[in-house]
Structures are given as C-alpha cells and as structure tokens.
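Structure data follow from model-v8.cif (mmCIF, C-alpha atoms and all ligand atoms):
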```cif
data_final
loop_
_atom_site.label_atom_id
_atom_site.label_comp_id
_atom_site.auth_asym_id
_atom_site.auth_seq_id
_atom_site.Cartn_x
_atom_site.Cartn_y
_atom_site.Cartn_z
CA MET A 1 146.75 -41.16 28.34
CA ALA A 2 144.11 -40.48 25.72
CA ILE A 3 142.88 -37.06 24.63
CA GLU A 4 139.09 -37.27 24.82
CA LYS A 5 136.09 -35.02 24.27
CA THR A 6 133.00 -35.16 26.46
CA LEU A 7 129.58 -33.50 26.57
CA ILE A 8 128.59 -31.34 29.54
CA LEU A 9 125.14 -29.84 30.00
CA VAL A 10 124.16 -27.30 32.63
CA LYS A 11 120.58 -28.48 33.11
CA PRO A 12 117.58 -26.15 33.61
CA ASP A 13 117.89 -26.32 37.41
CA GLY A 14 121.49 -25.11 37.16
CA MET A 15 120.56 -22.36 34.69
CA LYS A 16 117.70 -21.16 36.88
CA ARG A 17 120.00 -21.03 39.91
CA LYS A 18 122.68 -19.11 37.96
CA LEU A 19 125.27 -21.85 38.39
CA SER A 20 126.60 -21.89 34.83
CA GLY A 21 129.66 -19.77 35.68
CA ILE A 22 130.57 -21.96 38.63
CA VAL A 23 130.32 -25.10 36.48
CA VAL A 24 132.59 -23.58 33.82
CA ASP A 25 135.00 -22.40 36.54
CA ARG A 26 135.26 -25.87 38.09
CA LEU A 27 135.83 -27.56 34.73
CA ASP A 28 138.40 -24.95 33.65
CA ASN A 29 140.21 -25.21 36.99
CA ALA A 30 140.37 -28.99 36.62
CA GLY A 31 142.53 -28.36 33.57
CA PHE A 32 140.13 -29.24 30.75
CA ASP A 33 139.55 -27.08 27.66
CA MET A 34 136.13 -25.89 26.47
CA VAL A 35 135.95 -26.49 22.70
CA ALA A 36 132.23 -25.84 22.04
CA SER A 37 129.32 -24.12 23.78
CA LYS A 38 125.80 -22.87 23.11
CA ILE A 39 122.44 -22.24 24.79
CA VAL A 40 119.76 -24.70 23.68
CA SER A 41 116.01 -24.76 24.27
CA VAL A 42 115.53 -28.51 24.37
CA SER A 43 112.82 -30.06 22.18
CA GLU A 44 110.97 -33.27 23.04
CA GLU A 45 112.84 -34.96 20.18
CA LEU A 46 116.29 -33.86 21.38
CA ALA A 47 115.45 -34.86 24.97
CA ARG A 48 114.35 -38.35 23.90
CA GLU A 49 117.39 -38.84 21.72
CA HIS A 50 119.78 -37.69 24.44
CA TYR A 51 118.27 -40.03 27.05
CA ALA A 52 117.44 -42.89 24.62
CA LEU A 53 119.40 -45.44 26.68
CA LEU A 54 117.20 -44.72 29.72
CA LYS A 55 113.85 -45.06 27.95
CA ASP A 56 112.74 -48.04 30.06
CA MET A 57 113.53 -46.46 33.43
CA PRO A 58 110.58 -45.49 35.65
CA PHE A 59 111.86 -41.92 35.93
CA PHE A 60 112.20 -41.47 32.13
CA PRO A 61 109.04 -39.30 31.64
CA ASN A 62 110.17 -36.95 34.43
CA LEU A 63 113.69 -36.87 33.01
CA ILE A 64 112.38 -35.71 29.63
CA GLN A 65 110.25 -33.00 31.23
CA PHE A 66 113.16 -31.96 33.44
CA ILE A 67 115.73 -31.47 30.68
CA LYS A 68 113.14 -29.55 28.60
CA GLY A 69 112.77 -27.14 31.52
CA ASP A 70 109.10 -27.99 32.16
CA PHE A 71 109.71 -27.71 35.92
CA HIS A 72 111.67 -24.46 35.86
CA GLY A 73 109.42 -21.88 34.25
CA VAL A 74 109.04 -20.43 30.79
CA SER A 75 112.21 -18.32 30.95
CA ASP A 76 114.31 -21.26 32.11
CA ARG A 77 113.81 -23.58 29.17
CA ARG A 78 117.54 -23.34 28.72
CA VAL A 79 120.45 -25.73 28.76
CA LEU A 80 124.08 -24.68 28.39
CA ALA A 81 125.62 -27.37 26.18
CA MET A 82 129.40 -27.65 26.08
CA VAL A 83 132.12 -29.92 24.84
CA TYR A 84 135.27 -30.18 26.94
CA LYS A 85 138.52 -31.75 25.80
CA GLY A 86 141.59 -33.08 27.58
CA GLU A 87 143.50 -36.08 28.86
CA ASN A 88 141.04 -38.70 30.06
CA ALA A 89 138.37 -35.97 29.94
CA VAL A 90 135.39 -38.31 30.23
CA LYS A 91 136.44 -39.89 33.53
CA GLY A 92 138.14 -36.76 34.81
CA ILE A 93 135.06 -34.60 34.32
CA ARG A 94 132.79 -37.24 35.85
CA ALA A 95 135.00 -36.97 38.95
CA VAL A 96 134.56 -33.18 39.05
CA VAL A 97 130.78 -33.59 38.56
CA GLY A 98 130.21 -36.27 41.22
CA ALA A 99 127.73 -39.09 41.73
CA THR A 100 124.33 -39.20 40.03
CA ASN A 101 122.38 -39.02 43.29
CA PRO A 102 123.12 -35.53 44.66
CA GLU A 103 122.65 -36.73 48.24
CA GLN A 104 125.43 -39.28 47.69
CA ALA A 105 127.76 -37.03 45.68
CA ALA A 106 131.02 -36.25 47.50
CA PRO A 107 131.42 -32.80 49.05
CA GLY A 108 133.42 -30.60 46.71
CA THR A 109 132.00 -32.12 43.54
CA ILE A 110 129.55 -29.98 41.54
CA ARG A 111 126.62 -32.23 42.39
CA GLY A 112 127.78 -32.59 46.01
CA SER A 113 127.99 -28.82 46.38
CA PHE A 114 124.80 -27.78 44.58
CA GLY A 115 122.60 -30.81 43.84
CA ARG A 116 119.38 -31.66 45.69
CA ILE A 117 116.39 -33.96 45.38
CA CYS A 118 113.11 -32.16 44.75
CA GLN A 119 109.83 -34.12 44.55
CA GLY A 120 111.70 -37.27 43.55
CA ASN A 121 113.68 -35.56 40.78
CA PHE A 122 117.45 -35.52 41.00
CA GLU A 123 118.22 -31.82 40.57
CA ASN A 124 121.87 -32.59 39.92
CA VAL A 125 122.74 -29.42 37.96
CA VAL A 126 124.85 -31.01 35.23
CA HIS A 127 125.00 -33.85 32.77
CA ALA A 128 128.38 -35.33 31.84
CA SER A 129 128.85 -38.22 29.42
CA GLY A 130 129.34 -41.53 31.23
CA ASN A 131 131.93 -43.13 28.95
CA VAL A 132 133.76 -42.52 25.67
CA GLU A 133 131.07 -44.20 23.53
CA GLU A 134 128.32 -42.12 25.16
CA ALA A 135 130.42 -38.98 24.70
CA ASP A 136 130.85 -39.61 20.95
CA ARG A 137 127.13 -40.28 20.52
CA GLU A 138 126.02 -37.31 22.61
CA ILE A 139 128.38 -34.74 21.07
CA LYS A 140 126.94 -35.60 17.64
CA ILE A 141 123.40 -35.11 18.93
CA TRP A 142 124.05 -31.65 20.36
CA PHE A 143 126.68 -30.17 18.02
CA LYS A 144 127.44 -29.99 14.32
CA PRO A 145 131.08 -30.94 13.59
CA GLU A 146 131.94 -27.34 12.61
CA GLU A 147 130.73 -26.06 16.00
CA VAL A 148 133.45 -28.02 17.83
CA VAL A 149 136.98 -26.56 17.71
CA GLY A 150 139.86 -29.01 17.48
P1 LIG B 201 124.36 -39.66 35.17
O1 LIG B 201 123.68 -38.35 34.83
O2 LIG B 201 125.17 -39.55 36.43
O3 LIG B 201 125.14 -40.24 34.02
P2 LIG B 201 122.32 -41.66 34.57
O4 LIG B 201 122.19 -42.98 35.23
O5 LIG B 201 122.85 -41.63 33.17
O6 LIG B 201 123.21 -40.73 35.52
O7 LIG B 201 120.90 -40.96 34.62
C1 LIG B 201 120.64 -39.80 33.88
C2 LIG B 201 119.88 -38.83 34.76
O8 LIG B 201 118.64 -39.45 35.16
C3 LIG B 201 120.55 -38.46 36.07
O9 LIG B 201 121.51 -37.42 35.94
C4 LIG B 201 119.36 -38.01 36.89
O10 LIG B 201 118.95 -36.69 36.49
C5 LIG B 201 118.29 -39.01 36.46
N1 LIG B 201 118.24 -40.16 37.35
C6 LIG B 201 119.08 -41.23 37.37
N2 LIG B 201 118.72 -42.11 38.31
C7 LIG B 201 117.62 -41.58 38.91
C8 LIG B 201 116.77 -42.05 39.98
O11 LIG B 201 116.97 -43.11 40.57
N3 LIG B 201 115.74 -41.23 40.31
C9 LIG B 201 115.49 -40.04 39.69
N4 LIG B 201 116.25 -39.58 38.68
C10 LIG B 201 117.31 -40.34 38.29
MG MG B 202 124.54 -41.03 32.24
#
```
Translate this structure into structure tokens?
Amino acid sequence: MAIEKTLILVKPDGMKRKLSGIVVDRLDNAGFDMVASKIVSVSEELAREHYALLKDMPFFPNLIQFIKGDFHGVSDRRVLAMVYKGENAVKGIRAVVGATNPEQAAPGTIRGSFGRICQGNFENVVHASGNVEEADREIKIWFKPEEVVG
C-alpha cells in the first residue's frame, strides 16, 4: 500500500450550496488526512492550467467558466482547495467522490448525493485527481510546497 497525496477542490457550485463541510466530513470519515487547504478565487490562467489535459473537449470553455465561478455569482467565485493524504488516497478518494456524471454517480458518493446536471454543465460539487501523476501535477499548480504539511 502506497501513501499518496491527492488534490480535492470544492467547486463553486459546492461552495454556493454550502457543501464544503459535508465534503470535508466525508473525506475525514473515510480515514484520509487533510494536509493543506485554502480558499482560492480562480483566475483564467489557473483554470486553464488545471484543466490543460481537457483543452480539446467540447465542454472545455464551459468548464473554465464553471471553475472560475462565472455561473455562481460574484460572491461565489470561490473554490476550497485541499490536499488529502493516506494509503491509496487517489483511488480511495475517487471512490468517495463518485463518477464524473452526477446522474451516474452511485448513491452515497458525494457526487451521487449532491451532484446534478444544469444546462448541460456537470454540477458535480468536487474535483479529485484522477491518478497519481495528475495528483502530483495538480498539487504543484494549487499549492506551494511549504503550504502542504508532511
Ligand atoms: P473527473 O472530474 O471525474 O476527473 P474529467 O473527465 O477529468 O472528470 O472531467 C473534468 C470535469 O469536466 C468533470 O468533473 C466535469 O465537471 C466536466 N465534464 C467531464 N465530462 C463532461 C461532459 O461530458 N459534459 C459536461 N461536463 C463534463
Ligand atoms: Mg479528471
């Protein structure tokens, strides 16, 4: 079993709906440790860097607007960015988060409990790194090394 770190974001839809505490609760209860957190107002540059691998997808422009909070009002241009750590954290946290499409996410997962599709956008509440390579890349984008404990 490998000790891994992974990036979790509570996206603007989750922040607007006051779901940040529930997300933290679910991740904590799954046995993982939070080792970094901060509130970020996401710039165009950060959004594009975070989703760089999806730049050719048809939904990319909407994705950029979504993570910047363009659809959730001036006061909800917020993302809660966190790093969680633990045994097989990347895969384990993906299991807690659930499938990308909120209508296909299993009941009991975060996305299955709270996600919805709104005007074609997946309002799926959270981002979680998809694999260890993505996690390493994404943690460096969102956090300075000294902001991550352990
Ligand atoms: P993931 O978030 O489960 O890792 P990715 O394939 O990496 O899923 O896609 C990143 C994000 O892009 C998703 O969380 C979702 O917000 C959005 N997305 C992915 N596929 C679609 C789609 O088919 N339609 C609309 N939005 C999508
Ligand atoms: Mg992904």
Taking all atoms of stretch 20-24 of chain A that appear in the file, build a box with edges along x, y and z, extend it by 5 Å on every side, and state its centre and edge lengths in Å to one decimal, as AutoDock Vina command-line options.
```
--center_x 129.6 --center_y -22.4 --center_z 36.2 --size_x 16.0 --size_y 15.3 --size_z 14.8
```
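Among the candidates A:Leu46, A:Leu54, A:Ala106, A:Leu19, the one nearest to A:Lys68 when counting all atoms listed in the file is A:Leu46.
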Counting all atoms listed in the file, the residue of A:Phe60, A:Tyr51, A:Phe71, A:Phe32 that sits nearest ligand MG 202 (chain B): A:Tyr51
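For the choices A:Val42, A:Ala52, A:Val24, A:Ile110, the atom-to-atom distance to ligand MG 202 (chain B) is smallest for A:Ala52 when using only C-alpha atoms and all ligand atoms.
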Pick out the residues sitting within 9 Å of A:Ala89, and hand them over as a ChimeraX atom specification; count all atoms listed in the file, and ignore anything fewer than 6 positions along from it in its own chain. /A:2-6,32
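Across the model, the gap from atom CA of A:Ala47 to atom CA of A:Glu123 is 16.1 Å.
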Report the closest atom pair, with its distance in Å rounded to one decimal, for each residue of chain A that has an atom no farther than 7 Å from ligand MG 202 (chain B); count all atoms listed in the file, sort by chain and then rising residue number, and write it as a tab-separated table.
```
residue	atom	partner	partner_atom	distance
A:Ala128	CA	B:MG202	MG	6.9
A:Ser129	CA	B:MG202	MG	5.9
A:Gly130	CA	B:MG202	MG	4.9
```
Just want the residues within 7 Å of ligand LIG 201 (chain B), written as a PyMOL selection string, counting only C-alpha atoms and all ligand atoms. chain A and resi 59+63+99-101+120-124+127-130
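Across the model, the gap from atom CA of A:Gly108 to atom CA of A:Arg26 is 10.0 Å.
A straight line drawn from atom CA of A:Asp33 to atom CA of A:Thr109 is 18.3 Å long.
When all atoms listed in the file are used to measure the gap to A:Val96, the shortest distance among A:Val126, A:Val40, A:Met1, A:Val79 belongs to A:Val126.
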Would you list the contacts of A:Arg137 as a PyMOL selection string, taking every protein, DNA or RNA residue within 10 Å and counting all atoms listed in the file, but skipping same-chain residues closer than 4 positions in sequence? chain A and resi 6-7+49-50+129+132-133+141-142
Fewer than 2 positions away in the same chain doesn't count, so skip those; otherwise give me all residues within 9 Å of A:Phe143, counting all atoms listed in the file, as a VMD selection string. chain A and resid 36 to 38 81 to 83 138 to 141 145 to 148
